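Step one of this worksheet: look at the structure below.
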Amino acid sequence: MSLVSVAKSVVYGLIASTGLYAIFLSSLTIPILQNQIIYLNRVKLTWFQDVNVPEHWGFLRNQVTPFNLPTPDGEVLHAWHILPLELYKKHEQDLLEESSGLTSDITDRLGFKLLRDDPSSLLVLYFHGAAGTLGSGWRPPSYRAMSAGAPDRIHTVAIDYRGFGASTGIPSEEGLLKDATSLAEWAMNEAGIPPSRIVLFAQSLGTAVSISLADYMAAKPDPTLFSGMVLVAPFANVELLTATYRVAGTIPILDPIARFPRLLAWLNTFILSKWPSKDTLAEFVRRCESMPGDTLKYHITIIHAEDDYDIPWTHSEEVFWHAVNASLPEGISYEELEKKKEASKSFRGAGGWVVNWLASRGFIREEIMRYGLHDRIMSYPVVSLAIMRAFGNQV
């Protein structure tokens, strides 16, 4: 083959690749396709497994109760209530005698009664990331990590958002906030758990949902403040995420566009789900800081792994800075905060480093691990310890 033929082949290949990429970018402006790229809700990752049979993921019979949670706008969310292991052991025989699978009325189940009737029970509301279902990937192992600090008292309830798994509907920013609010209202009103005994845990996309929920509940005329919030692998907002996100940790789908800020900014104007987490968290902190009283109003832990190739850990730096900046009446620049962090960092060797920030009305912690990737970190002891800290002296 001549050099001319080779050159032509290369040119044609580049033209074809550019054309295909242009078509892909155009598809991002179509809401239904855009939604799928952001939420990946149709990517189940639990094919050939029944999410109403939690034993698929190694749980004991009736350690997990699958149930349906209705939302005010008519959707039905699929949910799991996971019992902590020591509590399960105490009631094992009675639990084994119950029927298993999806229950039509969770209030009739022993697991629910153990949550509702124990005045010392604690509850983690779990908000997972994009793609998959309740049983996907590292989520089942992470449920076990939730209760590791108090295996007799810490229950976990997780949901599949609308459009995910067995839940009905189509995901959207407004819709997922309604889902989170429905779960919180169920926990407080149906299960009877006060917000002081509830911790919000979230990972990736779930951190945006959790932050929105916390701010929404705090903005009510009679503010609702949870015991704490643990955010794993958060992102600053969707606009910054589009510039840095890598599919499967390897494919930077918008990296070519990110080299042209104006073009990326124009493309971002078509994005419907903004999820401005850094700004929403800052607003939440400001609300809490303006509340009367001397007691702490919020407890926020941000955890990220340096080897997270899906969402770079620099997003957590942005989120932490916005939260700290909002906690100070005079604010603080990113550069000035970095100087303070360097002076106060607690280095953990191969375990990474930690910075604690005690504000007038709350506490903010940033914990950057050396290892953990994007999902695996959820099952690590660092998360179990963060949950314990978020519950304060209740654990």
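Numbering starts fresh at 1 for the residues of each chain in the structure tokens, the chains themselves are lettered A, B, ... in the order given, and ligands are numbered from 1 as they appear.
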
Next item on the list: Report as an MDAnalysis selection string: the residues of stretch 84-136 of chain A with a DSSP assignment of strand (DSSP E), based on the backbone of this structure.
Entry: chainID A and resid 122:127

File dump, residues just selected, N, CA, C and O atoms, as a PDB file, in the first residue's frame:
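Output file part-v9.pdb follows:
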ATOM      1  N   LEU A 122     -30.784   3.309  65.715  1.00  0.00           N
ATOM      2  CA  LEU A 122     -30.242   4.353  64.854  1.00  0.00           C
ATOM      3  C   LEU A 122     -30.469   3.950  63.407  1.00  0.00           C
ATOM      4  O   LEU A 122     -30.561   2.761  63.092  1.00  0.00           O
ATOM      5  N   LEU A 123     -30.549   4.939  62.527  1.00  0.00           N
ATOM      6  CA  LEU A 123     -30.906   4.646  61.144  1.00  0.00           C
ATOM      7  C   LEU A 123     -30.022   5.396  60.161  1.00  0.00           C
ATOM      8  O   LEU A 123     -29.819   6.607  60.289  1.00  0.00           O
ATOM      9  N   VAL A 124     -29.494   4.659  59.192  1.00  0.00           N
ATOM     10  CA  VAL A 124     -28.764   5.261  58.074  1.00  0.00           C
ATOM     11  C   VAL A 124     -29.673   5.247  56.850  1.00  0.00           C
ATOM     12  O   VAL A 124     -30.180   4.199  56.458  1.00  0.00           O
ATOM     13  N   LEU A 125     -29.892   6.409  56.268  1.00  0.00           N
ATOM     14  CA  LEU A 125     -30.602   6.512  54.994  1.00  0.00           C
ATOM     15  C   LEU A 125     -29.544   6.537  53.900  1.00  0.00           C
ATOM     16  O   LEU A 125     -28.678   7.425  53.872  1.00  0.00           O
ATOM     17  N   TYR A 126     -29.615   5.565  52.999  1.00  0.00           N
ATOM     18  CA  TYR A 126     -28.539   5.290  52.051  1.00  0.00           C
ATOM     19  C   TYR A 126     -28.946   5.721  50.641  1.00  0.00           C
ATOM     20  O   TYR A 126     -29.968   5.273  50.120  1.00  0.00           O
ATOM     21  N   PHE A 127     -28.118   6.571  50.027  1.00  0.00           N
ATOM     22  CA  PHE A 127     -28.390   7.074  48.677  1.00  0.00           C
ATOM     23  C   PHE A 127     -27.236   6.669  47.759  1.00  0.00           C
ATOM     24  O   PHE A 127     -26.120   7.188  47.881  1.00  0.00           O
TER      25      PHE A 127
END

Next item on the list: Run DSSP on the backbone and grab whatever in stretch 126-374 of chain A lands in alpha helix (DSSP H); send it over as a ChimeraX atom specification.
Entry: /A:139-146,173-185,205-218,238-244,255-258,261-268,277-289,314-327,334-344

Checklist line | Point-to-point distance in Å for atom CA of A:Leu205 and atom CA of A:Pro261 | finding: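 Atom-to-atom, atom CA of A:Pro261 and atom CA of A:Leu205 are spaced 23.7 Å apart.
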
Item checked: Which of A:Glu366, A:Asp215, A:Glu318, A:Asp310 sits closest to A:Leu281 [using only C-alpha atoms] ->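 Distance minimum relative to A:Leu281 lands on A:Asp215.
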
Note to self: What's around A:His315 at 9 Å? Count only C-alpha atoms, leave out sequence neighbours fewer than 3 positions away in its own chain, and write the answer as an NGL selection string.
What the structure shows: :A and (233-237 or 240-241 or 304 or 311-312 or 318-320)

I need the chosen residues saved as a PDB file, in the first residue's frame, with C-alpha atoms.
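Listing of selection_16.pdb after writing:
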ATOM      1  CA  ALA A 233     -16.806  10.605  46.204  1.00  0.00           C
ATOM      2  CA  PRO A 234     -18.920  13.749  45.800  1.00  0.00           C
ATOM      3  CA  PHE A 235     -18.780  15.999  42.756  1.00  0.00           C
ATOM      4  CA  ALA A 236     -18.882  19.792  42.781  1.00  0.00           C
ATOM      5  CA  ASN A 237     -21.618  20.077  40.134  1.00  0.00           C
ATOM      6  CA  LEU A 240     -17.400  20.453  36.433  1.00  0.00           C
ATOM      7  CA  LEU A 241     -18.154  16.747  36.308  1.00  0.00           C
ATOM      8  CA  HIS A 304     -12.616  10.471  48.600  1.00  0.00           C
ATOM      9  CA  ILE A 311     -14.638  11.341  39.781  1.00  0.00           C
ATOM     10  CA  PRO A 312     -11.275  12.953  40.629  1.00  0.00           C
ATOM     11  CA  GLU A 318     -14.015  22.117  45.921  1.00  0.00           C
ATOM     12  CA  VAL A 319     -16.921  20.832  47.992  1.00  0.00           C
ATOM     13  CA  PHE A 320     -14.961  21.144  51.250  1.00  0.00           C
TER      14      PHE A 320
END

Check: From the set A:Val209, A:Leu102, A:Ala191, A:Met229, which residue has the shortest atom-to-atom contact distance to A:Glu174, counting only C-alpha atoms?
Finding: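 Nearest candidate to A:Glu174 out of A:Val209, A:Leu102, A:Ala191, A:Met229: A:Val209.
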
Note to self: Can you tell me which residues surround A:Gln203 at a distance of at most 6 Å, considering only C-alpha atoms, apart from same-chain residues fewer than 4 positions away, and format the answer as a ChimeraX atom specification?
What the structure shows: /A:128-129,207,231-233

How would the residues just chosen look if you wrote them out with all heavy atoms as a PDB file, in the first residue's frame?
ATOM      1  N   HIS A 128     -27.514   5.745  46.844  1.00  0.00           N
ATOM      2  CA  HIS A 128     -26.442   5.205  46.021  1.00  0.00           C
ATOM      3  C   HIS A 128     -26.137   6.074  44.804  1.00  0.00           C
ATOM      4  O   HIS A 128     -26.809   7.071  44.532  1.00  0.00           O
ATOM      5  CB  HIS A 128     -26.733   3.752  45.621  1.00  0.00           C
ATOM      6  CG  HIS A 128     -27.900   3.562  44.683  1.00  0.00           C
ATOM      7  ND1 HIS A 128     -27.938   4.075  43.406  1.00  0.00           N
ATOM      8  CD2 HIS A 128     -29.072   2.864  44.831  1.00  0.00           C
ATOM      9  CE1 HIS A 128     -29.056   3.716  42.809  1.00  0.00           C
ATOM     10  NE2 HIS A 128     -29.780   2.982  43.649  1.00  0.00           N
ATOM     11  N   GLY A 129     -25.114   5.675  44.053  1.00  0.00           N
ATOM     12  CA  GLY A 129     -24.675   6.429  42.894  1.00  0.00           C
ATOM     13  C   GLY A 129     -25.430   6.079  41.628  1.00  0.00           C
ATOM     14  O   GLY A 129     -26.466   5.396  41.661  1.00  0.00           O
ATOM     15  N   THR A 207     -24.491  11.680  46.606  1.00  0.00           N
ATOM     16  CA  THR A 207     -24.087  12.815  47.439  1.00  0.00           C
ATOM     17  C   THR A 207     -24.865  14.069  47.057  1.00  0.00           C
ATOM     18  O   THR A 207     -25.226  14.872  47.916  1.00  0.00           O
ATOM     19  CB  THR A 207     -22.571  13.083  47.315  1.00  0.00           C
ATOM     20  OG1 THR A 207     -22.244  13.431  45.960  1.00  0.00           O
ATOM     21  CG2 THR A 207     -21.768  11.851  47.727  1.00  0.00           C
ATOM     22  N   LEU A 231     -20.446  11.821  52.983  1.00  0.00           N
ATOM     23  CA  LEU A 231     -20.433  11.953  51.531  1.00  0.00           C
ATOM     24  C   LEU A 231     -19.179  11.300  50.968  1.00  0.00           C
ATOM     25  O   LEU A 231     -18.058  11.734  51.256  1.00  0.00           O
ATOM     26  CB  LEU A 231     -20.460  13.439  51.139  1.00  0.00           C
ATOM     27  CG  LEU A 231     -21.563  14.302  51.774  1.00  0.00           C
ATOM     28  CD1 LEU A 231     -21.343  15.774  51.455  1.00  0.00           C
ATOM     29  CD2 LEU A 231     -22.933  13.845  51.305  1.00  0.00           C
ATOM     30  N   VAL A 232     -19.357  10.260  50.166  1.00  0.00           N
ATOM     31  CA  VAL A 232     -18.232   9.539  49.578  1.00  0.00           C
ATOM     32  C   VAL A 232     -18.176   9.828  48.077  1.00  0.00           C
ATOM     33  O   VAL A 232     -19.161   9.633  47.368  1.00  0.00           O
ATOM     34  CB  VAL A 232     -18.351   8.024  49.819  1.00  0.00           C
ATOM     35  CG1 VAL A 232     -17.214   7.281  49.123  1.00  0.00           C
ATOM     36  CG2 VAL A 232     -18.343   7.719  51.315  1.00  0.00           C
ATOM     37  N   ALA A 233     -17.031  10.289  47.624  1.00  0.00           N
ATOM     38  CA  ALA A 233     -16.806  10.605  46.204  1.00  0.00           C
ATOM     39  C   ALA A 233     -17.825  11.604  45.665  1.00  0.00           C
ATOM     40  O   ALA A 233     -18.478  11.347  44.645  1.00  0.00           O
ATOM     41  CB  ALA A 233     -16.806   9.335  45.361  1.00  0.00           C
TER      42      ALA A 233
END

Check: What does the distance between atom CA of A:Ala79 and atom CA of A:His91 come to in Å, to one decimal place?
Finding: 21.8 Å

Check: Which residue out of A:Pro31, A:Gly392, A:Gly149, A:Pro141 has the minimum interatomic distance to A:Glu86 when only C-alpha atoms are used?
Finding: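 Among A:Pro31, A:Gly392, A:Gly149, A:Pro141, it is A:Gly149 that comes nearest to A:Glu86.
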
Item checked: stretch 168-171 of chain A environment, 7 Å, only C-alpha atoms, sequence neighbours closer than 3 positions dropped, as a list in words ->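 Once the adjacent positions are removed, what remains is Glu75, Val76, Leu77, Arg162, Gly163, Gly175 and Leu176 of chain A.
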
Preceding selection exported with N, CA, C and O atoms as a PDB file, in the first residue's frame:
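File written: selection-v9.pdb
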ATOM      1  N   GLU A  75     -45.147   7.866  42.203  1.00  0.00           N
ATOM      2  CA  GLU A  75     -44.169   6.835  41.868  1.00  0.00           C
ATOM      3  C   GLU A  75     -44.054   5.826  43.010  1.00  0.00           C
ATOM      4  O   GLU A  75     -44.462   6.102  44.148  1.00  0.00           O
ATOM      5  N   VAL A  76     -43.506   4.671  42.703  1.00  0.00           N
ATOM      6  CA  VAL A  76     -43.303   3.624  43.708  1.00  0.00           C
ATOM      7  C   VAL A  76     -41.832   3.241  43.693  1.00  0.00           C
ATOM      8  O   VAL A  76     -41.304   2.795  42.670  1.00  0.00           O
ATOM      9  N   LEU A  77     -41.166   3.438  44.832  1.00  0.00           N
ATOM     10  CA  LEU A  77     -39.738   3.165  44.942  1.00  0.00           C
ATOM     11  C   LEU A  77     -39.494   1.806  45.577  1.00  0.00           C
ATOM     12  O   LEU A  77     -40.171   1.436  46.545  1.00  0.00           O
ATOM     13  N   ARG A 162     -36.391   6.685  41.404  1.00  0.00           N
ATOM     14  CA  ARG A 162     -37.341   6.501  40.301  1.00  0.00           C
ATOM     15  C   ARG A 162     -36.586   6.201  39.004  1.00  0.00           C
ATOM     16  O   ARG A 162     -35.569   6.836  38.686  1.00  0.00           O
ATOM     17  N   GLY A 163     -37.054   5.195  38.290  1.00  0.00           N
ATOM     18  CA  GLY A 163     -36.414   4.807  37.045  1.00  0.00           C
ATOM     19  C   GLY A 163     -35.261   3.836  37.213  1.00  0.00           C
ATOM     20  O   GLY A 163     -34.741   3.320  36.224  1.00  0.00           O
ATOM     21  N   GLY A 175     -37.160  14.992  40.672  1.00  0.00           N
ATOM     22  CA  GLY A 175     -37.733  13.712  41.058  1.00  0.00           C
ATOM     23  C   GLY A 175     -36.923  12.997  42.110  1.00  0.00           C
ATOM     24  O   GLY A 175     -37.488  12.424  43.064  1.00  0.00           O
ATOM     25  N   LEU A 176     -35.593  13.005  41.988  1.00  0.00           N
ATOM     26  CA  LEU A 176     -34.761  12.315  42.972  1.00  0.00           C
ATOM     27  C   LEU A 176     -34.820  13.000  44.332  1.00  0.00           C
ATOM     28  O   LEU A 176     -34.723  12.337  45.370  1.00  0.00           O
TER      29      LEU A 176
END

Checklist line | Exercise: stretch 341-354 of chain A partners within 8 Å, only C-alpha atoms, chain neighbours under 6 positions left out, as a list in words | finding: Arg365, Glu366, Glu367, Ile368, Met369, Arg370 and Tyr371 of chain A

Margin query: Could you list, as a ChimeraX atom specification, every residue within 12 Å of A:Thr224, counting only C-alpha atoms and ignoring same-chain residues fewer than 2 positions away?
Written below: /A:181,184-185,188,194-198,213-222,226-228,284,287-288,291,297-298
